[in-house]
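*Asks:* Provided herewith: work_38.cif, mmCIF, C-alpha atoms and all ligand atoms.
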data_run
#
loop_
_atom_site.group_PDB
_atom_site.id
_atom_site.type_symbol
_atom_site.label_atom_id
_atom_site.label_comp_id
_atom_site.auth_asym_id
_atom_site.auth_seq_id
_atom_site.Cartn_x
_atom_site.Cartn_y
_atom_site.Cartn_z
ATOM 1 C CA MET A 1 51.310 5.059 37.609
ATOM 2 C CA LEU A 2 51.543 8.022 39.869
ATOM 3 C CA ALA A 3 53.349 11.032 38.503
ATOM 4 C CA LEU A 4 56.604 11.819 40.241
ATOM 5 C CA ALA A 5 55.543 15.476 40.249
ATOM 6 C CA ALA A 6 52.993 14.596 42.918
ATOM 7 C CA ILE A 7 55.740 14.021 45.448
ATOM 8 C CA THR A 8 58.025 16.861 44.531
ATOM 9 C CA GLY A 9 55.374 19.569 44.241
ATOM 10 C CA PHE A 10 54.576 22.270 46.774
ATOM 11 C CA SER A 11 52.830 21.133 49.914
ATOM 12 C CA PHE A 12 50.398 23.139 52.061
ATOM 13 C CA ARG A 13 51.129 21.129 55.179
ATOM 14 C CA VAL A 14 52.634 23.196 57.922
ATOM 15 C CA SER A 15 53.193 20.796 60.781
ATOM 16 C CA ALA A 16 54.838 17.389 61.103
ATOM 17 C CA ASP A 17 51.725 16.247 63.019
ATOM 18 C CA GLU A 18 49.770 16.367 59.790
ATOM 19 C CA TRP A 19 51.933 13.840 57.990
ATOM 20 C CA PRO A 20 50.944 10.175 58.177
ATOM 21 C CA ILE A 21 53.672 9.255 60.698
ATOM 22 C CA TYR A 22 53.031 6.879 63.602
ATOM 23 C CA ARG A 23 55.322 6.102 66.532
ATOM 24 C CA LYS A 24 52.650 4.686 68.811
ATOM 25 C CA LYS A 25 48.912 4.923 69.263
ATOM 26 C CA ASP A 26 47.096 6.332 72.256
ATOM 27 C CA LEU A 27 44.847 3.438 73.233
ATOM 28 C CA GLY A 28 44.088 4.400 76.839
ATOM 29 C CA ASP A 29 43.926 1.224 78.933
ATOM 30 C CA THR A 30 43.778 -1.146 75.976
ATOM 31 C CA LYS A 31 46.754 -3.481 76.206
ATOM 32 C CA LYS A 32 47.614 -3.936 72.558
ATOM 33 C CA ILE A 33 51.195 -3.913 71.288
ATOM 34 C CA ALA A 34 52.553 -4.136 67.738
ATOM 35 C CA LEU A 35 55.803 -6.075 67.388
ATOM 36 C CA THR A 36 57.697 -5.173 64.230
ATOM 37 C CA PHE A 37 60.679 -6.833 62.523
ATOM 38 C CA ASP A 38 62.803 -5.029 59.949
ATOM 39 C CA ASP A 39 65.329 -5.843 57.211
ATOM 40 C CA GLY A 40 64.341 -9.448 56.289
ATOM 41 C CA PRO A 41 63.334 -11.797 54.970
ATOM 42 C CA ASP A 42 66.355 -13.798 56.075
ATOM 43 C CA PRO A 43 66.403 -17.551 55.336
ATOM 44 C CA LYS A 44 67.671 -18.475 58.810
ATOM 45 C CA LEU A 45 66.568 -15.841 61.332
ATOM 46 C CA THR A 46 63.091 -15.148 59.944
ATOM 47 C CA PRO A 47 61.865 -18.788 60.204
ATOM 48 C CA GLU A 48 63.243 -18.975 63.747
ATOM 49 C CA ILE A 49 61.277 -15.855 64.712
ATOM 50 C CA LEU A 50 58.163 -17.097 62.880
ATOM 51 C CA SER A 51 58.296 -20.294 64.873
ATOM 52 C CA ILE A 52 58.535 -18.423 68.205
ATOM 53 C CA LEU A 53 55.614 -16.159 67.235
ATOM 54 C CA ASP A 54 53.615 -19.231 66.276
ATOM 55 C CA GLU A 55 54.416 -20.888 69.593
ATOM 56 C CA TYR A 56 52.918 -17.924 71.458
ATOM 57 C CA GLY A 57 50.066 -17.448 68.963
ATOM 58 C CA ILE A 58 51.262 -13.934 68.121
ATOM 59 C CA LYS A 59 50.912 -11.878 64.944
ATOM 60 C CA ALA A 60 53.486 -9.227 64.069
ATOM 61 C CA THR A 61 54.478 -6.935 61.215
ATOM 62 C CA PHE A 62 57.503 -7.537 58.985
ATOM 63 C CA PHE A 63 58.983 -4.515 57.211
ATOM 64 C CA VAL A 64 60.747 -6.262 54.350
ATOM 65 C CA VAL A 65 63.584 -5.130 52.105
ATOM 66 C CA GLY A 66 62.656 -5.705 48.440
ATOM 67 C CA GLU A 67 65.949 -7.275 47.381
ATOM 68 C CA ASN A 68 65.729 -9.734 50.290
ATOM 69 C CA VAL A 69 62.217 -10.624 49.142
ATOM 70 C CA GLU A 70 63.620 -11.299 45.665
ATOM 71 C CA ALA A 71 66.364 -13.483 47.182
ATOM 72 C CA HIS A 72 64.088 -15.383 49.618
ATOM 73 C CA PRO A 73 60.514 -15.252 48.305
ATOM 74 C CA GLU A 74 59.595 -18.466 50.151
ATOM 75 C CA THR A 75 60.332 -16.735 53.454
ATOM 76 C CA LEU A 76 58.006 -13.856 52.566
ATOM 77 C CA GLU A 77 55.382 -16.454 51.648
ATOM 78 C CA ALA A 78 55.810 -18.077 55.076
ATOM 79 C CA GLU A 79 55.240 -14.700 56.784
ATOM 80 C CA VAL A 80 52.067 -14.103 54.776
ATOM 81 C CA GLU A 81 50.874 -17.682 55.242
ATOM 82 C CA ALA A 82 51.221 -17.331 59.024
ATOM 83 C CA GLY A 83 48.996 -14.222 58.995
ATOM 84 C CA HIS A 84 51.580 -11.537 59.717
ATOM 85 C CA GLU A 85 51.359 -8.071 58.190
ATOM 86 C CA ILE A 86 53.913 -7.092 55.554
ATOM 87 C CA GLY A 87 55.296 -3.579 55.362
ATOM 88 C CA ASN A 88 57.602 -1.827 52.887
ATOM 89 C CA HIS A 89 61.200 -1.019 53.971
ATOM 90 C CA THR A 90 62.481 0.107 50.510
ATOM 91 C CA PHE A 91 64.144 -2.096 47.894
ATOM 92 C CA THR A 92 67.811 -1.793 48.907
ATOM 93 C CA HIS A 93 67.528 -0.327 52.431
ATOM 94 C CA CYS A 94 68.627 2.961 50.897
ATOM 95 C CA ARG A 95 69.773 5.949 52.908
ATOM 96 C CA ILE A 96 66.902 8.427 52.932
ATOM 97 C CA LYS A 97 69.135 11.413 53.628
ATOM 98 C CA ASN A 98 71.340 10.780 50.592
ATOM 99 C CA SER A 99 68.541 9.959 48.155
ATOM 100 C CA ASP A 100 66.733 12.330 45.797
ATOM 101 C CA SER A 101 62.987 12.093 45.291
ATOM 102 C CA LYS A 102 63.251 10.006 42.122
ATOM 103 C CA THR A 103 65.483 7.441 43.838
ATOM 104 C CA LEU A 104 63.151 7.256 46.846
ATOM 105 C CA PHE A 105 60.140 6.841 44.571
ATOM 106 C CA ASN A 106 61.845 3.958 42.753
ATOM 107 C CA GLU A 107 63.004 2.362 46.028
ATOM 108 C CA VAL A 108 59.532 2.311 47.563
ATOM 109 C CA ASN A 109 57.830 1.250 44.332
ATOM 110 C CA ALA A 110 60.284 -1.573 43.637
ATOM 111 C CA CYS A 111 59.723 -2.957 47.139
ATOM 112 C CA THR A 112 55.938 -2.822 46.678
ATOM 113 C CA GLU A 113 56.350 -4.669 43.378
ATOM 114 C CA ALA A 114 58.539 -7.361 44.963
ATOM 115 C CA ILE A 115 55.962 -7.961 47.711
ATOM 116 C CA GLU A 116 53.128 -8.091 45.172
ATOM 117 C CA ARG A 117 55.088 -10.435 42.908
ATOM 118 C CA TYR A 118 55.317 -13.153 45.561
ATOM 119 C CA SER A 119 52.106 -12.625 47.521
ATOM 120 C CA ASP A 120 48.599 -11.238 47.187
ATOM 121 C CA VAL A 121 49.453 -8.552 49.725
ATOM 122 C CA SER A 122 49.221 -4.840 48.927
ATOM 123 C CA PRO A 123 51.278 -3.302 51.724
ATOM 124 C CA LYS A 124 49.785 -0.282 53.512
ATOM 125 C CA VAL A 125 52.582 0.541 55.927
ATOM 126 C CA PHE A 126 56.060 1.860 55.193
ATOM 127 C CA ARG A 127 59.067 2.204 57.455
ATOM 128 C CA PRO A 128 61.918 4.368 56.171
ATOM 129 C CA PRO A 129 65.363 2.834 56.811
ATOM 130 C CA GLU A 130 66.779 4.076 60.128
ATOM 131 C CA GLY A 131 63.439 5.785 60.797
ATOM 132 C CA VAL A 132 64.539 8.862 58.865
ATOM 133 C CA VAL A 133 61.710 11.118 57.726
ATOM 134 C CA ASN A 134 61.817 14.278 55.654
ATOM 135 C CA PRO A 135 59.229 16.189 53.589
ATOM 136 C CA THR A 136 60.066 14.198 50.432
ATOM 137 C CA ILE A 137 59.506 10.826 52.064
ATOM 138 C CA CYS A 138 56.297 12.107 53.705
ATOM 139 C CA ARG A 139 54.890 13.357 50.391
ATOM 140 C CA LEU A 140 55.877 10.102 48.736
ATOM 141 C CA ALA A 141 54.207 7.978 51.422
ATOM 142 C CA GLU A 142 51.056 10.033 51.221
ATOM 143 C CA ALA A 143 50.933 9.887 47.432
ATOM 144 C CA LEU A 144 51.405 6.090 47.494
ATOM 145 C CA ASP A 145 48.846 5.750 50.302
ATOM 146 C CA TYR A 146 51.389 4.433 52.795
ATOM 147 C CA LYS A 147 51.316 5.194 56.493
ATOM 148 C CA ILE A 148 54.816 5.874 57.852
ATOM 149 C CA ILE A 149 55.538 3.684 60.855
ATOM 150 C CA ILE A 150 58.383 4.574 63.196
ATOM 151 C CA TRP A 151 58.521 3.060 66.712
ATOM 152 C CA ASP A 152 58.152 3.821 70.384
ATOM 153 C CA ILE A 153 60.508 1.186 71.818
ATOM 154 C CA ASP A 154 63.831 0.504 70.089
ATOM 155 C CA THR A 155 65.205 -2.816 71.353
ATOM 156 C CA LEU A 156 68.655 -2.095 69.817
ATOM 157 C CA ASP A 157 68.853 -5.770 68.872
ATOM 158 C CA TRP A 158 70.732 -4.785 65.694
ATOM 159 C CA ARG A 159 73.552 -3.621 67.978
ATOM 160 C CA HIS A 160 73.777 -7.125 69.538
ATOM 161 C CA THR A 161 72.323 -5.915 72.833
ATOM 162 C CA PRO A 162 72.208 -8.929 75.194
ATOM 163 C CA PRO A 163 68.765 -10.627 75.326
ATOM 164 C CA GLU A 164 68.383 -9.906 79.069
ATOM 165 C CA LYS A 165 68.944 -6.171 78.469
ATOM 166 C CA ILE A 166 66.443 -6.134 75.591
ATOM 167 C CA ALA A 167 63.841 -7.896 77.739
ATOM 168 C CA GLU A 168 64.434 -5.532 80.642
ATOM 169 C CA ASN A 169 64.030 -2.502 78.355
ATOM 170 C CA VAL A 170 60.807 -3.827 76.840
ATOM 171 C CA LEU A 171 59.309 -4.914 80.168
ATOM 172 C CA THR A 172 60.148 -1.570 81.791
ATOM 173 C CA HIS A 173 58.688 0.568 79.022
ATOM 174 C CA ALA A 174 55.849 -1.449 77.483
ATOM 175 C CA HIS A 175 52.362 -0.064 77.578
ATOM 176 C CA GLY A 176 49.257 -0.301 75.407
ATOM 177 C CA GLY A 177 49.617 1.283 71.974
ATOM 178 C CA ASP A 178 53.365 0.716 71.685
ATOM 179 C CA ILE A 179 55.181 -0.146 68.491
ATOM 180 C CA ILE A 180 58.320 -2.192 69.235
ATOM 181 C CA LEU A 181 61.278 -2.270 66.825
ATOM 182 C CA MET A 182 63.215 -5.502 66.318
ATOM 183 C CA HIS A 183 65.064 -7.065 63.359
ATOM 184 C CA ASP A 184 64.814 -10.381 61.535
ATOM 185 C CA TYR A 185 68.073 -9.764 59.729
ATOM 186 C CA ILE A 186 71.210 -8.910 61.680
ATOM 187 C CA CYS A 187 74.846 -9.488 60.758
ATOM 188 C CA LYS A 188 76.318 -12.373 62.778
ATOM 189 C CA ASP A 189 74.539 -13.713 65.861
ATOM 190 C CA SER A 190 71.145 -12.271 66.733
ATOM 191 C CA PRO A 191 69.926 -11.753 70.295
ATOM 192 C CA THR A 192 66.359 -11.355 68.994
ATOM 193 C CA PRO A 193 64.974 -14.920 69.386
ATOM 194 C CA ALA A 194 66.312 -15.270 72.942
ATOM 195 C CA ALA A 195 64.966 -11.822 73.866
ATOM 196 C CA LEU A 196 61.511 -12.719 72.509
ATOM 197 C CA ARG A 197 61.469 -15.868 74.654
ATOM 198 C CA LEU A 198 62.268 -13.750 77.705
ATOM 199 C CA PHE A 199 59.742 -10.945 77.345
ATOM 200 C CA LEU A 200 56.819 -12.433 75.398
ATOM 201 C CA PRO A 201 55.558 -14.788 78.136
ATOM 202 C CA LYS A 202 55.788 -11.989 80.708
ATOM 203 C CA LEU A 203 53.837 -9.500 78.575
ATOM 204 C CA ILE A 204 51.221 -12.159 77.806
ATOM 205 C CA GLU A 205 50.945 -12.855 81.530
ATOM 206 C CA GLN A 206 50.364 -9.125 82.080
ATOM 207 C CA GLY A 207 47.420 -9.275 79.675
ATOM 208 C CA TYR A 208 49.006 -7.798 76.563
ATOM 209 C CA GLN A 209 47.699 -8.750 73.160
ATOM 210 C CA PHE A 210 49.940 -8.592 70.097
ATOM 211 C CA VAL A 211 48.434 -7.137 66.949
ATOM 212 C CA THR A 212 49.560 -6.019 63.517
ATOM 213 C CA VAL A 213 50.488 -2.370 63.041
ATOM 214 C CA SER A 214 47.359 -1.789 60.969
ATOM 215 C CA GLU A 215 45.158 -3.158 63.734
ATOM 216 C CA LEU A 216 46.962 -0.979 66.282
ATOM 217 C CA LEU A 217 46.197 2.066 64.127
ATOM 218 C CA GLY A 218 42.600 0.978 63.666
ATOM 219 C CA THR A 219 42.920 0.485 59.923
ATOM 220 C CA GLY A 220 43.096 -3.298 59.730
ATOM 221 C CA GLU A 221 42.470 -6.538 61.555
ATOM 222 C CA THR A 222 44.882 -9.106 62.914
ATOM 223 C CA PRO A 223 44.054 -12.515 61.446
ATOM 224 C CA THR A 224 43.237 -15.289 63.894
ATOM 225 C CA ASN A 225 44.298 -18.903 63.595
ATOM 226 C CA GLU A 226 40.713 -20.150 63.797
HETATM 227 NI NI NI A 301 66.179 -1.286 58.473
#
Before we go any further, please render this structure as C-alpha cells.
Ligand code: NI
*Replies:*
Amino acid sequence: MLALAAITGFSFRVSADEWPIYRKKDLGDTKKIALTFDDGPDPKLTPEILSILDEYGIKATFFVVGENVEAHPETLEAEVEAGHEIGNHTFTHCRIKNSDSKTLFNEVNACTEAIERYSDVSPKVFRPPEGVVNPTICRLAEALDYKIIIWDIDTLDWRHTPPEKIAENVLTHAHGGDIILMHDYICKDSPTPAALRLFLPKLIEQGYQFVTVSELLGTGETPTNE
C-alpha cells in the first residue's frame, strides 16, 4: 500500500503542464474521438447507452462512481464485457475542493477496489468529480499511476440540455483527438441517448472512429468485436 506521505510531500513540479492531465490529444488529421460517460453505473440509463454504442459498434470509456458499482455490479460487468474502458470517478463523487488529502486518497482507492472486486480491470484513468484539479489530486493521481482525464467538449447533458442542442454542439466542435463528456447517470429524464442517436451517425459518416481514452492517449488499445 502506498504511503499517504507520497501525496502530501513537497513536489518539484513547477508547471501544470507537467502533471498527468489530459483534456484532448493532438492527433493531427487522425479522426479519433473518445466518448466518455460519468457517474454510473445506473441500472436503467447505462444499459440503454450500452445498447446504442453496440448498435454503432463503438467503444467508449465509463468513469464509474464506486458506490454505484457496489449497488449495480452487473452493470459494470456489462460495460467490461462489451469492451469499454473503465475509469475511476471516486467512491462517492466527493467534492475535491472540500476534501483533504486523506479523504481523496480513500475516495480514489475505494473506487479502484470496487472496480477490481467485480471485474479483472485495473483502471488507469481517473476523472475528478466536476473536473476539479489541484496539486493534491495531481500528486495522488501520479502516485497511484492514474492519468487525469478532463474533457474538450462538455455536452451539458447533466443539465438536461435538449438532444438537438447537444448534437449541434458536438457536430460544430468535434475534431480528431477530442474527449467528449457525457453522463450515464442523470437525475430524472436524460437527453443523452437521443443525443447519441443524433450525432453518432453523422460523425461516423464524416469518418470519425471512436476509441477508448487510453487508445486516444496512445497508452492502450480499443478492443474489437472480432
Ligand atoms: Ni461526475
*Asks:* Given the PyMOL selection byres (((chain A and resi 30) around 10) and not hetatm) and the file above, list the residues it selects as a list in words.
*Replies:* Asp26, Leu27, Gly28, Asp29, Lys31, Lys32, Ile33, His175, Gly176, Gly177, Gly207, Tyr208 and Gln209 of chain A
*Asks:* Just to be explicit: take each residue in the selection above, keep C-alpha atoms, and write the result as a compact mmCIF listing (two decimals), in the frame of the given file.
*Replies:*
# COMPACT_ATOMS: atom_id res chain seq x y z
CA ASP A 26 47.10 6.33 72.26
CA LEU A 27 44.85 3.44 73.23
CA GLY A 28 44.09 4.40 76.84
CA ASP A 29 43.93 1.22 78.93
CA LYS A 31 46.75 -3.48 76.21
CA LYS A 32 47.61 -3.94 72.56
CA ILE A 33 51.20 -3.91 71.29
CA HIS A 175 52.36 -0.06 77.58
CA GLY A 176 49.26 -0.30 75.41
CA GLY A 177 49.62 1.28 71.97
CA GLY A 207 47.42 -9.28 79.68
CA TYR A 208 49.01 -7.80 76.56
CA GLN A 209 47.70 -8.75 73.16
*Asks:* Using all atoms listed in the file, find each protein or nucleic acid residue lying at most 9 Å from ligand NI 301 (chain A); present the set as a PyMOL selection string.
*Replies:* chain A and resi 37-40+63-65+89-90+93+127-131+183+185
*Asks:* Give me, please, the distance in Å between atom CA of A:Pro201 and atom CA of A:Ala60, quoted to one decimal.
*Replies:*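 Rounded to one decimal, the two atoms are 15.3 Å apart.
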*Asks:* Specify as a ChimeraX atom specification each residue included when the PyMOL selection byres (((chain A and resi 148) around 6) and not hetatm) is applied to this file.
*Replies:* /A:20-21,126-127,147,149
*Asks:* Leaving out A:His173 and any residue of its chain fewer than 5 positions from it, which residues lie within 12 Å of it when counting only C-alpha atoms, given as a PyMOL selection string?
*Replies:* chain A and resi 33+152-155+166-168+178-180+199+203
*Asks:* Excluding stretch 108-118 of chain A and residues on its chain fewer than 5 positions from it, collect all residues at most 7 Å away from it, counting all atoms listed in the file, and give them as a PyMOL selection string.
*Replies:* chain A and resi 65-66+69-70+73+77+88+90-91+123
*Asks:* Suppose we keep C-alpha atoms; can you now write the selection as an mmCIF file, in the frame of the given file?
*Replies:*
data_model
loop_
_atom_site.group_PDB
_atom_site.id
_atom_site.type_symbol
_atom_site.label_atom_id
_atom_site.label_comp_id
_atom_site.auth_asym_id
_atom_site.auth_seq_id
_atom_site.Cartn_x
_atom_site.Cartn_y
_atom_site.Cartn_z
ATOM 1 C CA VAL A 65 63.584 -5.130 52.105
ATOM 2 C CA GLY A 66 62.656 -5.705 48.440
ATOM 3 C CA VAL A 69 62.217 -10.624 49.142
ATOM 4 C CA GLU A 70 63.620 -11.299 45.665
ATOM 5 C CA PRO A 73 60.514 -15.252 48.305
ATOM 6 C CA GLU A 77 55.382 -16.454 51.648
ATOM 7 C CA ASN A 88 57.602 -1.827 52.887
ATOM 8 C CA THR A 90 62.481 0.107 50.510
ATOM 9 C CA PHE A 91 64.144 -2.096 47.894
ATOM 10 C CA PRO A 123 51.278 -3.302 51.724
#
*Asks:* With distances taken over only C-alpha atoms, which of A:Glu55, A:Lys124, A:Lys202, A:Tyr22 is nearest to A:Ala143?
*Replies:* A:Lys124
*Asks:* Assuming the chain letters and numbering stay as they are in my file, what does the PyMOL selection byres (((chain A and resi 81-86) around 9) and not hetatm) actually select? List them as a PyMOL selection string.
*Replies:* chain A and resi 50+54+58-64+76-80+87-88+115+121-125+212-214+222-225
*Asks:* Tell me, in Å to one decimal, how far atom CA of A:Thr92 is from atom CA of A:Arg159.
*Replies:*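 Result for atom CA of A:Thr92 versus atom CA of A:Arg159: 20.0 Å, one decimal.
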*Asks:* Leaving out A:Asp42 and any residue of its chain fewer than 4 positions from it, which residues lie within 9 Å of it when counting all atoms listed in the file, given as an MDAnalysis selection string?
*Replies:* chainID A and resid 46:47 68:69 71:72 75 184:186
*Asks:* When you count all atoms listed in the file, which of these residues is closest to A:Ala141: A:Ser190, A:Gln206, A:Ser101, A:Thr36?
*Replies:*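 Of all the options, A:Ser101 lies closest to A:Ala141.
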*Asks:* What are the centre and the three edge lengths of an axis-aligned box that wraps all atoms of stretch 211-226 of chain A in the file, given that 8 Å is added to every side, written as JSON and rounded to one decimal in Å?
*Replies:*
{"center_x": 45.6, "center_y": -9.0, "center_z": 63.3, "size_x": 25.8, "size_y": 38.2, "size_z": 23.2}
*Asks:* Rank A:Tyr56, A:Ile204, A:Trp19, A:Glu221 by their smallest atom-to-atom distance to A:Cys138, using all atoms listed in the file, and report the top residue only.
*Replies:*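 Once distances to A:Cys138 are computed over all atoms listed in the file, the minimum belongs to A:Trp19.
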*Asks:* Give the answer as one residue: which of A:Ile96, A:Leu35, A:Leu45, A:Ile150 has the shortest atom-to-atom distance to A:Val170, using all atoms listed in the file?
*Replies:*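 Result for the nearest residue to A:Val170: A:Leu35.
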*Asks:* For atom CA of A:Ser51 and atom CA of A:Glu164, quote the distance in Å rounded to one decimal.
*Replies:* 20.3 Å
*Asks:* Hey, could you patch up stretch 72-98 of chain A with N, CA and C atoms and hand it over as a PDB file, keeping the file's coordinate frame?
*Replies:*
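Written file, rebuild.pdb:
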ATOM      1  N   HIS A  72      64.704 -14.347  48.766  1.00  0.00           N
ATOM      2  CA  HIS A  72      64.088 -15.383  49.618  1.00  0.00           C
ATOM      3  C   HIS A  72      62.565 -15.280  49.591  1.00  0.00           C
ATOM      4  N   PRO A  73      61.972 -15.417  48.404  1.00  0.00           N
ATOM      5  CA  PRO A  73      60.514 -15.252  48.305  1.00  0.00           C
ATOM      6  C   PRO A  73      59.735 -16.256  49.160  1.00  0.00           C
ATOM      7  N   GLU A  74      60.318 -17.450  49.363  1.00  0.00           N
ATOM      8  CA  GLU A  74      59.595 -18.466  50.151  1.00  0.00           C
ATOM      9  C   GLU A  74      59.476 -18.024  51.607  1.00  0.00           C
ATOM     10  N   THR A  75      60.410 -17.206  52.065  1.00  0.00           N
ATOM     11  CA  THR A  75      60.332 -16.735  53.454  1.00  0.00           C
ATOM     12  C   THR A  75      59.244 -15.667  53.588  1.00  0.00           C
ATOM     13  N   LEU A  76      59.120 -14.817  52.576  1.00  0.00           N
ATOM     14  CA  LEU A  76      58.006 -13.856  52.566  1.00  0.00           C
ATOM     15  C   LEU A  76      56.677 -14.618  52.562  1.00  0.00           C
ATOM     16  N   GLU A  77      56.624 -15.656  51.723  1.00  0.00           N
ATOM     17  CA  GLU A  77      55.382 -16.454  51.648  1.00  0.00           C
ATOM     18  C   GLU A  77      55.038 -17.062  53.009  1.00  0.00           C
ATOM     19  N   ALA A  78      56.053 -17.493  53.743  1.00  0.00           N
ATOM     20  CA  ALA A  78      55.810 -18.077  55.076  1.00  0.00           C
ATOM     21  C   ALA A  78      55.253 -17.021  56.032  1.00  0.00           C
ATOM     22  N   GLU A  79      55.747 -15.793  55.934  1.00  0.00           N
ATOM     23  CA  GLU A  79      55.240 -14.700  56.784  1.00  0.00           C
ATOM     24  C   GLU A  79      53.763 -14.449  56.489  1.00  0.00           C
ATOM     25  N   VAL A  80      53.446 -14.386  55.197  1.00  0.00           N
ATOM     26  CA  VAL A  80      52.067 -14.103  54.776  1.00  0.00           C
ATOM     27  C   VAL A  80      51.153 -15.258  55.184  1.00  0.00           C
ATOM     28  N   GLU A  81      51.623 -16.462  54.921  1.00  0.00           N
ATOM     29  CA  GLU A  81      50.874 -17.682  55.242  1.00  0.00           C
ATOM     30  C   GLU A  81      50.513 -17.729  56.730  1.00  0.00           C
ATOM     31  N   ALA A  82      51.440 -17.282  57.572  1.00  0.00           N
ATOM     32  CA  ALA A  82      51.221 -17.331  59.024  1.00  0.00           C
ATOM     33  C   ALA A  82      50.327 -16.191  59.514  1.00  0.00           C
ATOM     34  N   GLY A  83      49.944 -15.282  58.615  1.00  0.00           N
ATOM     35  CA  GLY A  83      48.996 -14.222  58.995  1.00  0.00           C
ATOM     36  C   GLY A  83      49.632 -12.936  59.500  1.00  0.00           C
ATOM     37  N   HIS A  84      50.922 -12.772  59.284  1.00  0.00           N
ATOM     38  CA  HIS A  84      51.580 -11.537  59.717  1.00  0.00           C
ATOM     39  C   HIS A  84      51.375 -10.441  58.681  1.00  0.00           C
ATOM     40  N   GLU A  85      51.487  -9.189  59.131  1.00  0.00           N
ATOM     41  CA  GLU A  85      51.359  -8.071  58.190  1.00  0.00           C
ATOM     42  C   GLU A  85      52.725  -7.820  57.540  1.00  0.00           C
ATOM     43  N   ILE A  86      52.682  -7.406  56.273  1.00  0.00           N
ATOM     44  CA  ILE A  86      53.913  -7.092  55.554  1.00  0.00           C
ATOM     45  C   ILE A  86      53.961  -5.598  55.281  1.00  0.00           C
ATOM     46  N   GLY A  87      55.094  -4.992  55.626  1.00  0.00           N
ATOM     47  CA  GLY A  87      55.296  -3.579  55.362  1.00  0.00           C
ATOM     48  C   GLY A  87      56.482  -3.383  54.424  1.00  0.00           C
ATOM     49  N   ASN A  88      56.568  -2.204  53.860  1.00  0.00           N
ATOM     50  CA  ASN A  88      57.602  -1.827  52.887  1.00  0.00           C
ATOM     51  C   ASN A  88      58.774  -1.152  53.618  1.00  0.00           C
ATOM     52  N   HIS A  89      60.003  -1.597  53.324  1.00  0.00           N
ATOM     53  CA  HIS A  89      61.200  -1.019  53.971  1.00  0.00           C
ATOM     54  C   HIS A  89      62.227  -0.633  52.892  1.00  0.00           C
ATOM     55  N   THR A  90      61.712  -0.244  51.731  1.00  0.00           N
ATOM     56  CA  THR A  90      62.481   0.107  50.510  1.00  0.00           C
ATOM     57  C   THR A  90      63.089  -1.137  49.843  1.00  0.00           C
ATOM     58  N   PHE A  91      63.612  -0.948  48.649  1.00  0.00           N
ATOM     59  CA  PHE A  91      64.144  -2.096  47.894  1.00  0.00           C
ATOM     60  C   PHE A  91      65.555  -2.476  48.329  1.00  0.00           C
ATOM     61  N   THR A  92      66.407  -1.470  48.567  1.00  0.00           N
ATOM     62  CA  THR A  92      67.811  -1.793  48.907  1.00  0.00           C
ATOM     63  C   THR A  92      68.213  -1.323  50.309  1.00  0.00           C
ATOM     64  N   HIS A  93      67.218  -0.931  51.135  1.00  0.00           N
ATOM     65  CA  HIS A  93      67.528  -0.327  52.431  1.00  0.00           C
ATOM     66  C   HIS A  93      68.371   0.931  52.194  1.00  0.00           C
ATOM     67  N   CYS A  94      67.872   1.775  51.309  1.00  0.00           N
ATOM     68  CA  CYS A  94      68.627   2.961  50.897  1.00  0.00           C
ATOM     69  C   CYS A  94      68.703   3.994  52.023  1.00  0.00           C
ATOM     70  N   ARG A  95      69.650   4.869  51.920  1.00  0.00           N
ATOM     71  CA  ARG A  95      69.773   5.949  52.908  1.00  0.00           C
ATOM     72  C   ARG A  95      68.883   7.108  52.474  1.00  0.00           C
ATOM     73  N   ILE A  96      67.879   7.396  53.285  1.00  0.00           N
ATOM     74  CA  ILE A  96      66.902   8.427  52.932  1.00  0.00           C
ATOM     75  C   ILE A  96      67.593   9.777  52.728  1.00  0.00           C
ATOM     76  N   LYS A  97      68.491  10.087  53.648  1.00  0.00           N
ATOM     77  CA  LYS A  97      69.135  11.413  53.628  1.00  0.00           C
ATOM     78  C   LYS A  97      69.901  11.667  52.334  1.00  0.00           C
ATOM     79  N   ASN A  98      70.508  10.595  51.786  1.00  0.00           N
ATOM     80  CA  ASN A  98      71.340  10.780  50.592  1.00  0.00           C
ATOM     81  C   ASN A  98      70.596  10.547  49.293  1.00  0.00           C
TER      82      ASN A  98
END
